[in-house]
Structures are given as structure tokens and as C-alpha cells.
$ cat model_39.cif   # mmCIF, C-alpha atoms
data_target
loop_
_atom_site.label_atom_id
_atom_site.label_comp_id
_atom_site.auth_asym_id
_atom_site.auth_seq_id
_atom_site.Cartn_x
_atom_site.Cartn_y
_atom_site.Cartn_z
CA MET P 253 0.68 84.18 211.09
CA PRO P 254 0.64 85.56 214.64
CA PHE P 255 1.26 83.26 217.57
CA THR P 256 1.37 83.68 221.34
CA VAL P 257 4.16 83.12 223.85
CA THR P 258 2.78 82.37 227.31
CA MET P 259 4.30 82.40 230.80
CA PRO P 260 6.21 79.09 231.04
CA LYS P 261 6.08 76.76 234.03
CA LEU P 262 9.72 76.78 235.12
CA SER P 263 9.39 74.79 238.34
CA PRO P 264 6.94 72.17 239.66
CA THR P 265 5.61 74.58 242.31
CA MET P 266 5.43 77.64 240.07
CA GLU P 267 1.96 79.16 239.71
CA GLU P 268 2.97 82.64 238.54
CA GLY P 269 6.11 84.53 237.63
CA ALA P 270 7.41 88.07 237.25
CA ILE P 271 9.23 89.35 234.18
CA ALA P 272 12.71 90.26 235.42
CA LYS P 273 14.15 91.31 232.05
CA TRP P 274 13.24 91.18 228.38
CA HIS P 275 16.32 90.40 226.29
CA LYS P 276 14.55 91.33 223.06
CA LYS P 277 12.61 94.45 222.11
CA VAL P 278 9.57 94.88 219.91
CA GLY P 279 10.51 94.39 216.25
CA ASP P 280 13.50 92.11 216.91
CA ARG P 281 13.83 88.78 215.14
CA VAL P 282 14.25 85.93 217.61
CA GLU P 283 15.81 82.60 216.66
CA ALA P 284 14.70 79.32 218.21
CA GLY P 285 16.81 78.62 221.31
CA GLU P 286 17.81 82.28 221.68
CA LEU P 287 17.50 83.93 225.10
CA LEU P 288 14.19 85.76 225.20
CA VAL P 289 13.34 86.69 228.78
CA GLU P 290 14.34 86.23 232.42
CA VAL P 291 11.53 85.15 234.73
CA ALA P 292 11.53 85.49 238.54
CA THR P 293 9.85 82.34 239.85
CA ASP P 294 9.00 81.27 243.40
CA LYS P 295 12.59 80.06 243.83
CA ALA P 296 14.98 81.87 241.51
CA THR P 297 15.36 84.01 238.39
CA VAL P 298 15.43 81.67 235.40
CA GLU P 299 16.43 82.36 231.79
CA TYR P 300 13.86 81.28 229.21
CA ASN P 301 14.85 80.62 225.59
CA ALA P 302 12.46 80.96 222.65
CA LEU P 303 10.99 77.70 221.42
CA ASP P 304 10.18 78.99 217.93
CA GLU P 305 11.64 81.59 215.62
CA GLY P 306 9.76 84.74 214.72
CA PHE P 307 9.47 88.48 215.18
CA LEU P 308 8.56 89.97 218.56
CA ARG P 309 5.63 92.23 217.72
CA LYS P 310 4.06 93.06 221.07
CA ILE P 311 5.05 92.67 224.72
CA LEU P 312 1.94 92.00 226.82
CA VAL P 313 3.64 91.82 230.23
CA PRO P 314 6.37 94.42 230.79
CA GLU P 315 9.40 94.09 233.05
CA LYS P 316 8.42 93.74 236.73
CA GLY P 317 4.95 92.70 235.59
CA HIS P 318 3.36 89.49 236.92
CA ALA P 319 1.60 86.71 235.01
CA VAL P 320 0.18 83.33 235.94
CA VAL P 321 1.43 80.18 234.18
CA ASN P 322 0.06 79.98 230.58
CA GLN P 323 -0.97 83.65 230.56
CA PRO P 324 0.06 85.42 227.30
CA ILE P 325 3.20 87.53 227.71
CA ALA P 326 4.05 88.36 224.08
CA ILE P 327 2.79 88.17 220.49
CA PHE P 328 5.05 86.93 217.67
CA THR P 329 4.64 86.75 213.91
CA LEU P 330 6.48 84.77 211.26
CA GLU P 331 6.87 87.84 209.03
CA ALA P 332 8.29 91.17 210.15
CA LYS P 333 5.36 93.36 209.09
CA GLU P 334 2.50 90.93 209.43
CA ASN P 335 -0.71 92.56 210.70
CA ILE P 336 -1.65 91.62 214.30
CA GLU P 337 -4.65 93.90 214.58
CA GLY P 338 -7.63 91.94 215.86
CA TYR P 339 -5.50 88.96 216.88
CA LYS P 340 -6.61 87.52 220.23
CA PRO P 341 -3.73 86.01 222.23
CA GLU P 342 -4.16 82.38 223.20
CA GLY P 343 -3.86 81.18 226.78
CA ILE P 344 -5.24 82.07 230.18
CA GLN P 345 -6.43 85.65 230.25
CA PRO P 346 -5.33 87.89 233.15
CA GLY P 347 -7.48 87.25 236.19
CA ALA P 348 -9.12 84.13 234.77
CA ALA P 349 -6.80 81.70 236.53
CA MET P 350 -7.27 83.16 239.97
CA PRO P 351 -10.83 84.45 240.32
CA VAL P 352 -11.41 86.68 243.25
CA LYS P 353 -13.74 85.07 245.71
CA LYS P 354 -16.50 87.19 247.11
CA GLU P 355 -16.28 87.75 250.79
CA GLU P 356 -18.89 85.90 252.75
CA LYS P 357 -20.87 88.15 255.00
CA VAL P 358 -20.76 87.09 258.61
CA GLU P 359 -24.10 87.68 260.21
CA ILE P 360 -24.03 88.38 263.91
CA LYS P 361 -27.35 87.62 265.49
CA THR P 362 -28.26 89.89 268.32
CA GLU P 363 -30.90 89.22 270.88
CA LYS P 364 -32.48 91.52 273.34
CA PRO P 365 -30.46 90.97 276.52
CA THR P 366 -32.23 89.58 279.52
CA ALA P 367 -31.14 89.50 283.12
CA THR P 368 -29.65 86.07 282.47
CA THR P 369 -27.95 86.74 279.14
CA ALA P 370 -26.66 90.22 279.93
CA MET P 371 -23.78 88.78 281.94
CA GLN P 372 -22.93 86.34 279.14
CA GLN P 373 -22.67 88.92 276.35
CA PRO P 374 -19.09 89.99 275.47
CA ALA P 375 -18.19 93.61 276.03
CA PHE P 376 -16.82 93.87 272.48
CA MET P 377 -17.89 92.97 268.98
CA PRO P 378 -15.89 90.18 267.31
CA GLU P 379 -13.29 91.34 264.77
CA PRO P 380 -13.16 89.89 261.24
CA PRO P 381 -10.75 86.98 260.72
CA LEU P 382 -7.17 88.05 260.00
CA GLU P 383 -7.23 86.69 256.42
CA ARG P 384 -10.19 88.99 255.65
CA TYR P 385 -8.81 92.06 257.40
CA GLU P 386 -8.89 95.22 255.29
CA PHE P 387 -6.62 98.15 256.03
CA GLU P 388 -8.36 101.45 256.49
CA PHE P 389 -6.96 104.52 254.82
CA PRO P 390 -6.33 107.50 257.12
CA THR P 391 -8.30 110.68 256.95
CA GLY P 392 -7.42 114.23 257.92
CA SER P 393 -4.04 115.91 257.84
CA PRO P 394 -1.41 116.96 260.36
CA LYS P 395 -2.03 120.34 261.91
CA LYS P 396 1.29 121.11 263.55
CA ARG P 397 3.46 123.42 261.45
CA ILE P 398 6.58 125.38 262.33
CA ALA P 399 6.10 129.03 261.46
CA ALA P 400 9.03 130.12 259.32
CA SER P 401 9.60 132.45 256.41
CA PRO P 402 10.02 130.89 252.94
CA LEU P 403 13.68 132.02 252.87
CA ALA P 404 14.34 130.45 256.29
CA LYS P 405 12.81 127.15 255.16
CA LYS P 406 14.87 127.18 251.96
CA LEU P 407 18.16 127.94 253.75
CA ALA P 408 17.45 125.38 256.47
CA LYS P 409 16.87 122.69 253.85
CA GLU P 410 20.02 123.59 251.93
CA LYS P 411 22.21 123.68 255.05
CA GLY P 412 20.58 120.69 256.77
CA LEU P 413 19.39 122.71 259.79
CA ASP P 414 16.59 121.75 262.18
CA LEU P 415 14.00 124.55 262.30
CA GLY P 416 12.50 123.06 265.43
CA SER P 417 15.71 123.68 267.38
CA VAL P 418 15.48 127.48 267.24
CA LYS P 419 12.98 130.06 268.53
CA GLY P 420 11.74 132.58 266.01
CA THR P 421 12.15 136.32 266.58
CA GLY P 422 9.74 137.41 263.87
CA SER P 423 6.09 138.33 264.27
CA SER P 424 4.10 135.72 266.27
CA GLY P 425 7.31 133.78 266.82
CA ARG P 426 7.98 133.28 263.12
CA ILE P 427 11.48 132.00 262.30
CA THR P 428 13.46 134.23 259.96
CA SER P 429 16.73 133.68 258.13
CA HIS P 430 18.57 135.62 260.88
CA ASP P 431 17.47 133.04 263.49
CA LEU P 432 19.23 130.19 261.65
CA ASN P 433 22.58 131.13 263.21
CA LEU P 434 21.38 129.42 266.39
CA ALA P 435 19.80 126.39 264.69
CA GLN P 436 21.22 122.92 265.25
CA PRO P 437 21.99 120.46 262.43
CA GLY P 438 19.01 118.38 261.37
CA GLN P 439 19.28 114.78 262.57
CA VAL P 440 17.16 111.91 263.85
CA VAL P 441 17.60 112.92 267.50
CA SER P 442 16.77 116.54 268.25
CA PHE P 443 15.85 118.72 271.24
CA GLY P 444 13.60 120.97 269.24
CA ALA P 445 10.03 120.47 268.07
CA ARG P 446 9.90 118.74 264.70
CA GLU P 447 7.67 119.90 261.87
CA LEU P 448 5.22 117.17 260.94
CA PRO P 449 5.39 115.80 257.39
CA PRO P 450 2.68 116.94 254.95
CA ILE P 451 0.94 113.53 254.93
CA ALA P 452 -1.87 112.17 257.06
CA PRO P 453 -0.95 109.97 260.04
CA GLY P 454 -1.12 106.29 259.18
CA THR P 455 -0.48 106.80 255.47
CA PHE P 456 0.91 103.67 253.81
CA GLU P 457 1.54 102.06 250.46
CA GLU P 458 1.03 98.46 249.41
CA ILE P 459 3.79 96.54 247.62
CA PRO P 460 2.78 93.37 245.74
CA LEU P 461 4.61 90.21 246.77
CA THR P 462 7.13 88.71 244.38
CA PRO P 463 6.58 85.03 243.51
CA MET P 464 9.43 84.08 245.84
CA ARG P 465 8.08 86.17 248.72
CA LYS P 466 4.59 84.66 248.21
CA THR P 467 6.05 81.17 248.52
CA ILE P 468 7.99 82.15 251.64
CA ALA P 469 4.88 83.68 253.21
CA THR P 470 2.74 80.63 252.46
CA ARG P 471 5.25 78.02 253.59
CA LEU P 472 6.24 79.75 256.82
CA GLN P 473 2.64 80.56 257.76
CA GLN P 474 1.77 76.89 257.29
CA SER P 475 4.86 75.86 259.23
CA LYS P 476 4.07 77.98 262.30
CA SER P 477 0.36 77.15 262.11
CA PHE P 478 0.54 73.37 261.81
CA ILE P 479 3.97 72.23 263.03
CA PRO P 480 4.28 71.90 266.83
CA HIS P 481 7.61 73.68 267.31
CA PHE P 482 9.72 73.31 270.43
CA TYR P 483 13.12 74.85 271.10
CA ILE P 484 16.43 73.79 272.64
CA ARG P 485 19.07 76.44 273.41
CA GLN P 486 22.75 75.96 274.18
CA GLU P 487 25.53 78.45 274.87
CA ILE P 488 28.83 77.53 273.22
CA ASP P 489 32.32 78.48 274.42
CA ALA P 490 33.42 79.98 271.10
CA GLU P 491 36.99 80.88 272.03
CA PRO P 492 38.54 77.60 270.75
CA LEU P 493 36.55 78.01 267.51
CA VAL P 494 37.87 81.53 266.94
CA GLU P 495 41.43 80.42 267.72
CA ALA P 496 41.20 77.52 265.26
CA ARG P 497 40.00 79.84 262.50
CA GLU P 498 42.84 82.30 263.20
CA GLN P 499 45.42 79.51 263.18
CA LEU P 500 44.17 78.34 259.77
CA LYS P 501 44.24 81.94 258.55
CA GLN P 502 47.90 82.24 259.60
CA GLY P 503 48.59 79.25 257.38
CA GLY P 504 46.87 80.85 254.41
CA LEU P 505 43.66 78.81 254.78
CA LYS P 506 40.55 81.01 254.94
CA VAL P 507 37.44 79.37 256.34
CA SER P 508 34.44 80.93 258.06
CA ILE P 509 32.77 80.16 261.36
CA ASN P 510 29.79 79.03 259.28
CA ASP P 511 31.98 76.41 257.58
CA PHE P 512 32.86 74.97 261.00
CA ILE P 513 29.16 74.94 261.95
CA ILE P 514 28.17 73.10 258.75
CA ARG P 515 30.88 70.50 259.35
CA ALA P 516 29.82 70.07 262.99
CA THR P 517 26.15 69.79 261.99
CA ALA P 518 26.89 67.10 259.39
CA LEU P 519 28.82 65.01 261.94
CA ALA P 520 26.15 65.54 264.63
CA LEU P 521 23.41 64.42 262.22
CA LYS P 522 25.43 61.33 261.43
CA GLU P 523 25.60 60.56 265.15
CA HIS P 524 21.90 61.42 265.66
CA PRO P 525 20.08 60.33 262.46
CA GLY P 526 16.70 60.93 264.09
CA LEU P 527 17.23 64.68 263.50
CA ASN P 528 17.95 64.05 259.82
CA SER P 529 14.25 63.54 259.20
CA GLY P 530 10.95 65.04 258.14
CA PHE P 531 7.19 64.59 258.35
CA ASN P 532 4.81 63.59 255.54
CA THR P 533 1.52 65.34 256.28
CA VAL P 534 -0.33 63.38 253.58
CA SER P 535 0.45 59.90 254.91
CA GLN P 536 1.06 61.04 258.51
CA SER P 537 4.40 59.30 258.55
CA ILE P 538 7.99 60.09 259.52
CA ILE P 539 10.56 60.57 256.75
CA LEU P 540 14.05 59.25 257.48
CA PHE P 541 16.48 60.77 255.00
CA LYS P 542 19.23 58.41 253.84
CA THR P 543 21.70 61.19 252.99
CA ILE P 544 22.77 64.27 254.93
CA ASP P 545 21.96 67.24 252.70
CA ILE P 546 22.23 70.51 254.61
CA ALA P 547 20.33 73.58 253.39
CA ILE P 548 21.90 76.94 254.26
CA ALA P 549 19.60 79.96 254.43
CA VAL P 550 20.96 82.77 252.22
CA ALA P 551 19.34 86.23 252.17
CA ILE P 552 18.85 87.76 248.72
CA ASP P 553 17.00 90.88 247.56
CA GLU P 554 13.83 88.94 246.72
CA GLY P 555 13.69 87.07 250.05
CA LEU P 556 15.38 83.91 251.23
CA ILE P 557 16.71 80.86 249.43
CA THR P 558 18.40 77.73 250.77
CA PRO P 559 21.19 76.31 248.59
CA ILE P 560 21.95 72.73 249.61
CA LEU P 561 25.28 71.12 250.43
CA ARG P 562 24.76 67.51 249.35
CA HIS P 563 26.41 64.58 251.20
CA ALA P 564 27.76 67.10 253.69
CA ASP P 565 29.12 64.40 256.02
CA TYR P 566 31.51 63.21 253.28
CA LYS P 567 33.15 66.61 252.79
CA ASN P 568 36.00 68.09 254.80
CA LEU P 569 36.21 71.67 256.04
CA GLY P 570 38.03 72.93 252.95
CA GLU P 571 35.56 71.33 250.52
CA ILE P 572 32.64 72.77 252.48
CA SER P 573 34.20 76.24 252.43
CA VAL P 574 34.80 76.26 248.65
CA GLU P 575 31.39 74.82 247.76
CA MET P 576 29.47 77.18 250.06
CA LYS P 577 31.20 80.27 248.65
CA GLU P 578 30.24 79.20 245.15
CA LEU P 579 26.64 78.30 246.07
CA ALA P 580 26.08 81.53 248.01
CA SER P 581 27.49 83.62 245.15
CA ARG P 582 25.19 82.04 242.56
CA ALA P 583 22.23 82.21 244.97
CA LYS P 584 22.63 85.99 245.29
CA ALA P 585 22.91 86.25 241.50
CA GLY P 586 19.71 84.16 241.07
CA LYS P 587 21.58 81.53 239.06
CA LEU P 588 21.00 78.39 241.13
CA GLU P 589 19.74 75.29 239.35
CA PRO P 590 16.54 73.73 240.79
CA GLN P 591 18.42 70.68 242.10
CA GLU P 592 20.69 73.01 244.06
CA TYR P 593 17.94 74.47 246.25
CA LYS P 594 15.19 71.82 246.26
CA GLY P 595 15.16 69.14 248.94
CA GLY P 596 17.53 69.05 251.88
CA SER P 597 17.24 67.10 255.10
CA PHE P 598 18.20 69.81 257.63
CA THR P 599 18.53 73.61 257.56
CA ILE P 600 20.96 76.08 259.16
CA SER P 601 20.04 79.75 259.56
CA ASN P 602 23.03 81.86 260.62
CA LEU P 603 22.57 85.53 261.60
CA GLY P 604 25.90 85.76 263.34
CA MET P 605 27.25 88.21 260.78
CA PHE P 606 24.66 90.73 262.04
CA GLY P 607 25.80 90.43 265.65
CA ILE P 608 22.53 88.85 266.79
CA SER P 609 22.66 87.53 270.37
CA ASP P 610 19.88 84.95 270.06
CA PHE P 611 16.93 84.05 267.82
CA VAL P 612 14.68 81.15 266.88
CA ALA P 613 14.07 79.97 263.33
CA VAL P 614 10.93 78.57 261.70
CA ILE P 615 11.13 74.97 260.47
CA ASN P 616 11.34 74.52 256.70
CA PRO P 617 8.80 71.75 255.91
CA PRO P 618 8.92 68.84 255.35
CA GLN P 619 12.13 68.88 257.42
CA SER P 620 11.77 68.26 261.15
CA ALA P 621 14.42 70.68 262.46
CA ILE P 622 16.36 73.89 261.82
CA LEU P 623 19.39 75.29 263.65
CA ALA P 624 19.59 79.03 264.44
CA VAL P 625 23.13 80.35 264.92
CA SER P 626 23.83 83.67 266.66
CA GLY P 627 26.89 85.90 266.62
CA ILE P 628 30.04 85.46 268.70
CA GLU P 629 30.19 87.85 271.65
CA ASP P 630 32.73 88.74 274.32
CA CYS P 631 31.88 87.48 277.79
CA VAL P 632 33.33 86.66 281.20
CA ARG P 633 33.87 83.00 282.09
CA MET P 634 34.95 81.21 285.23
CA LYS P 635 38.07 79.08 284.78
CA ASN P 636 39.91 77.59 287.74
CA ASN P 637 37.78 79.76 290.04
CA LEU P 638 38.95 82.89 288.23
CA ALA P 639 36.91 85.27 286.09
CA VAL P 640 38.55 85.50 282.68
CA ALA P 641 37.64 87.07 279.34
CA GLY P 642 36.06 84.69 276.85
CA LYS P 643 33.77 84.39 273.85
CA LYS P 644 30.34 82.81 273.54
CA MET P 645 27.85 81.85 270.85
CA ASN P 646 24.22 80.72 271.18
CA LEU P 647 22.66 77.87 269.22
CA THR P 648 18.89 77.32 269.14
CA LEU P 649 17.38 74.18 267.65
CA SER P 650 13.75 74.36 266.48
CA ALA P 651 12.27 70.86 266.21
CA ASP P 652 8.99 69.28 265.13
CA HIS P 653 7.57 67.48 268.18
CA ARG P 654 5.69 65.06 265.93
CA VAL P 655 9.03 63.62 264.88
CA VAL P 656 11.65 64.64 267.46
CA ASP P 657 11.47 64.18 271.23
CA GLY P 658 13.10 66.58 273.67
CA ALA P 659 15.73 64.06 274.76
CA HIS P 660 16.87 63.48 271.17
CA ALA P 661 17.04 67.22 270.48
CA ALA P 662 19.06 67.76 273.68
CA ALA P 663 21.50 65.00 272.74
CA PHE P 664 21.99 66.53 269.29
CA ILE P 665 22.66 70.04 270.63
CA LYS P 666 25.14 68.70 273.20
CA THR P 667 26.99 66.89 270.41
CA MET P 668 27.13 70.19 268.52
CA GLN P 669 28.63 71.77 271.64
CA LYS P 670 31.25 69.03 271.86
CA PHE P 671 32.37 69.50 268.25
CA LEU P 672 32.40 73.31 268.28
CA GLU P 673 34.24 73.58 271.60
CA ASN P 674 36.81 71.06 270.31
CA PRO P 675 37.22 72.25 266.71
CA SER P 676 40.30 70.09 266.08
CA ILE P 677 37.85 67.21 265.58
CA LEU P 678 36.35 69.06 262.66
CA LEU P 679 39.69 69.30 260.84
CA VAL P 680 39.94 65.55 260.38
#

$ encode --input "model_39.cif" --output "C-alpha cells"
Amino acid sequence: MPFTVTMPKLSPTMEEGAIAKWHKKVGDRVEAGELLVEVATDKATVEYNALDEGFLRKILVPEKGHAVVNQPIAIFTLEAKENIEGYKPEGIQPGAAMPVKKEEKVEIKTEKPTATTAMQQPAFMPEPPLERYEFEFPTGSPKKRIAASPLAKKLAKEKGLDLGSVKGTGSSGRITSHDLNLAQPGQVVSFGARELPPIAPGTFEEIPLTPMRKTIATRLQQSKSFIPHFYIRQEIDAEPLVEAREQLKQGGLKVSINDFIIRATALALKEHPGLNSGFNTVSQSIILFKTIDIAIAVAIDEGLITPILRHADYKNLGEISVEMKELASRAKAGKLEPQEYKGGSFTISNLGMFGISDFVAVINPPQSAILAVSGIEDCVRMKNNLAVAGKKMNLTLSADHRVVDGAHAAAFIKTMQKFLENPSILLV
């Protein structure tokens, strides 16, 4: 008897998933509880085990294919050679769960302008709303071509030479193989004229969003649209922080600058609990978190995920370092458990490893604040009326003005400065 396996709901917020990997192929016998498939959800890649035994007879959604929750993804039978011809899979059929809404036509009424209304009419026609914008495909083709013989083009490609950097001596200025002796190596920057690619200007391709990227897009668009962000910036004297890390390294203790920042943030939140908060848009009320659970933004191939360091204020620098290495490693492997990335009372986004001088981060709702951490840079500082070499780092706090006032945000960021410029406090 044939039966259907549908896309499982692997998280409370999951609406669709993508097949990351099938662990069984058509014809295989699958035991109950045996690993069947890996599914990329809106948060992580999750292994899904078969609920019933049977033979995998047909895969309906291949690897990298998408399916909504309860959409059929495979057909099984109890017997190996049971006929499945004519069997209709059970569950939500593709496209049925998310019907495409027809675009509403916006009628623009035009009136014959009078002497009075002529000055009131806009000089342009209104554009369609951004959510209904449709990209237009380009037409035509590039016309500029570099005249060169087939042999010259072949040799230039093989040797990595820029045809635009040499003047042809052939008929009508045509480049020949003999002219390549004067050609420069092909590179991004060139003095010569570059041959245009054989595609029309403006050509593009569309890449469907993964479930995780869809969630990121939705949440951050809502965050920037509805949360009244304001920003507090503070430059940190990072020289003591770098020295403390090097001293620990000399003693065989390897910790990162990010570990110091997490420790400082946990202590600052303990001193300023108003920043350890959120906003409930349903009840229009402030959330005061009772524990300090810091989410750390980690970039992975599919997008961004925030593993959470629970009870961060109760952990010393060494414990933070070990736990963060383990969380980040499993986050990049897509092996985090839901309780390890859901929740959190405050978020840190650190782009210091990319050498970024300054940036602002978007609040991760329902939290009320996020800290953006830049890279450490060399600078010149005044000490005892003398200009001396130093190091600096910029912190930027993004806060929800519905919950946090400017004075409270300023007090928090100054406490962060105190801890990071006196890192010995963080070793206790």
C-alpha cells in the first residue's frame, strides 16, 4: 500500500523548507527511526528520521528543491515492487498553500488641466509601490567589439593578455598574433579599451531565497520599518585590550577580542538592566528579561544565525571563550539545536575580523538593542600632551526608542568603555 511522506514542520516558525540532502535513494528500504533526509529550515539544517518503515519508491522534491509544510516530498510502499501508478500523493499540493494574489490595478484618474490645477499637477507619474515592482529585462546587445583575428583572440585568452592594450597593425586596425608581443597582461585595471561581454547591458539572473534568507529578509524589513532606531557611538582605547589578550596568550591562554566584548556586555547589562529588554508589539508592553542571554551574530553560507550564550553574566572569560568556539563551529555546520538559537535578550554583531571601521546594526526583534563592534585600528592619541601611537575600536549601539531612552543608552555605552579600557576587571 503506497503512502506519502510530507515536508515536516521542524520549527514553530517554519512555513517551508528546502531539501538539503536525501540520505536514501529510490528503491532503498528505510527502517523507522532511520535518517531519511536533511531539511534546511528558516533557522538551520535539521536531520529528519523516518516515522514508518517502507521502501522509497519516488522522490517528489529533489535536493535543493523547496516545499511548504505538509507538501508531499516522497512516496513509499510497504512492499518493494508494489505498483504506485495512479497513486495520488496526500497533502498540500505545490502552489496550493501559497496562492499567488492577483495584482490590483491602480487607476490614475486624469483630468483636463485648468489654469488653477496645472500648477498643482506633479511633473512625473507616480511609480508602483516597491513591493509590486517588476524588473524589466534588457533589450539589444553591446556593439563595441575589438577587431582581432581568431588566432590572436585564442592566444590572448590562453596567455591572459588584454587585447584592448595593443593597437592592431592588420587591415582596418585589426589585431594579429604578431601584435600580441606588445600586449599587457589582462587584469581588472587596464589602460586599453576593453571588449564588451557578449551579453546585453543590465542582464541579470534571479536566485530564489532559501528559507533562512526569507526569514532574515522579513524580520529585518519589519525591524527597520516599525522599530524607531536610534544610535549611540563610542570610540574605545583598545590598546589595553590588545595588551591583555597578548599577556594571556603568553601564558598559553587563547581568548579573542570578541570574548572580552561578550564578557563586558554581560557585566554592563547587569549594571543597566533596562537594556536587557524587548518590546511586545501585540500587547504594546515592555519586556524585562530576567536572565542575560547574549546572542552572537554568526555568518554562515545560508545567511546569518545567532547562537545564544545563556546566563552570560555567570560565566568567566575562559568559559565564554570555550562555549563560543563550540557554538560558532556547530552554527557553521548547521547543527545547532533550536534552544541554542531561539530567544536571547541582547545581540552582538562583530565585523572586526573584516577590518571594518564603523557600522550600525539592525535590531533583532523583540529585543530592544544590538551592539555593533568594529575592527581595531592604529591611531594617534594624545597622552601627557604628547602624540603617541595607539589603537582604537568603535562601538555603535542601536536601540529601540520605545523602550530605551538616550540617557540610558549613553550610560550603557560608557560602562562598556570602562570595562574594555580596563580589561583586568573582566578577568575576575

$ closest_atom_pairs --input "model_39.cif" --of "segment 652-680 of chain P" --to "segment 567-589 of chain P" --cutoff "8 Å" --atoms "all atoms listed in the file" --output "JSON lines"
{"residue": "P:Leu678", "atom": "CA", "partner": "P:Leu569", "partner_atom": "CA", "distance": 7.1}
{"residue": "P:Leu679", "atom": "CA", "partner": "P:Leu569", "partner_atom": "CA", "distance": 6.4}
{"residue": "P:Val680", "atom": "CA", "partner": "P:Asn568", "partner_atom": "CA", "distance": 7.3}

$ residues_around --input "model_39.cif" --residues "His318 of chain P" --least-positions-apart "5" --cutoff "12 Å" --atoms "all atoms listed in the file" --output "list in words"
Thr258, Met259, Glu267, Glu268, Gly269, Ala270, Ile271, Ala272, Lys273, Val291, Ala292, Thr293, Asp294, Leu312, Val313, Gln323, Pro324, Ile325, Pro346, Gly347, Pro460, Leu461, Thr462 and Pro463 of chain P

$ atom_distance --input "model_39.cif" --atom1 "atom CA of Ser626 of chain P" --atom2 "atom CA of Ala663 of chain P"
19.8 Å

$ atom_distance --input "model_39.cif" --atom1 "atom CA of Leu519 of chain P" --atom2 "atom CA of Lys476 of chain P"
27.9 Å

$ atom_distance --input "model_39.cif" --atom1 "atom CA of Leu647 of chain P" --atom2 "atom CA of Ile539 of chain P"
24.5 Å

$ closest_residue --input "model_39.cif" --among "P:Val655, P:Ala400, P:Ile488, P:Leu288" --to "Gln536 of chain P" --atoms "all atoms listed in the file"
P:Val655

$ resolve_selection --input "model_39.cif" --expression "the PyMOL selection byres ((chain P and resi 654) around 9)" --output "list in words"
Ile479, Pro480, His481, Phe531, Ile538, Ser620, Ala651, Asp652, His653, Val655, Val656 and Asp657 of chain P

$ closest_residue --input "model_39.cif" --among "P:Gly343, P:Gly604, P:Gly595, P:Gly285" --to "Ala624 of chain P" --atoms "all atoms listed in the file"
P:Gly604

$ closest_residue --input "model_39.cif" --among "P:Glu290, P:Glu487, P:Asp553, P:Glu592" --to "Val625 of chain P" --atoms "only C-alpha atoms"
P:Glu487

$ residues_around --input "model_39.cif" --residues "Arg465 of chain P" --least-positions-apart "6" --cutoff "10 Å" --atoms "only C-alpha atoms" --output "PDB file with C-alpha atoms, in the coordinates of the input"
ATOM      1  CA  THR P 293       9.850  82.340 239.850  1.00  0.00           C
ATOM      2  CA  ASP P 294       9.000  81.270 243.400  1.00  0.00           C
ATOM      3  CA  LYS P 295      12.590  80.060 243.830  1.00  0.00           C
ATOM      4  CA  ARG P 471       5.250  78.020 253.590  1.00  0.00           C
ATOM      5  CA  GLU P 554      13.830  88.940 246.720  1.00  0.00           C
ATOM      6  CA  GLY P 555      13.690  87.070 250.050  1.00  0.00           C
ATOM      7  CA  LEU P 556      15.380  83.910 251.230  1.00  0.00           C
TER       8      LEU P 556
END

$ closest_residue --input "model_39.cif" --among "P:Thr297, P:Pro618, P:Leu561, P:Gly607" --to "Gln591 of chain P" --atoms "only C-alpha atoms"
P:Leu561

$ resolve_selection --input "model_39.cif" --expression "the PyMOL selection byres ((chain P and resi 502-518) around 6)" --output "ChimeraX atom specification"
/P:499-501,519-521,564-565,573,671

$ axis_aligned_box --input "model_39.cif" --around "segment 504-514 of chain P" --padding-each-side "8 Å" --output "lines of an AutoDock Vina configuration file"
center_x = 37.5
center_y = 77.1
center_z = 258.2
size_x = 34.7
size_y = 23.9
size_z = 23.5

$ closest_residue --input "model_39.cif" --among "P:Leu308, P:Leu649, P:Val640, P:Ala284" --to "Lys666 of chain P" --atoms "only C-alpha atoms"
P:Leu649

$ closest_residue --input "model_39.cif" --among "P:Val289, P:Lys276, P:Asn616, P:Ile622" --to "Gln473 of chain P" --atoms "all atoms listed in the file"
P:Asn616

$ resolve_selection --input "model_39.cif" --expression "the PyMOL selection byres ((chain P and resi 613) around 7)" --output "PyMOL selection string"
chain P and resi 611-612+614-615+622+624+650
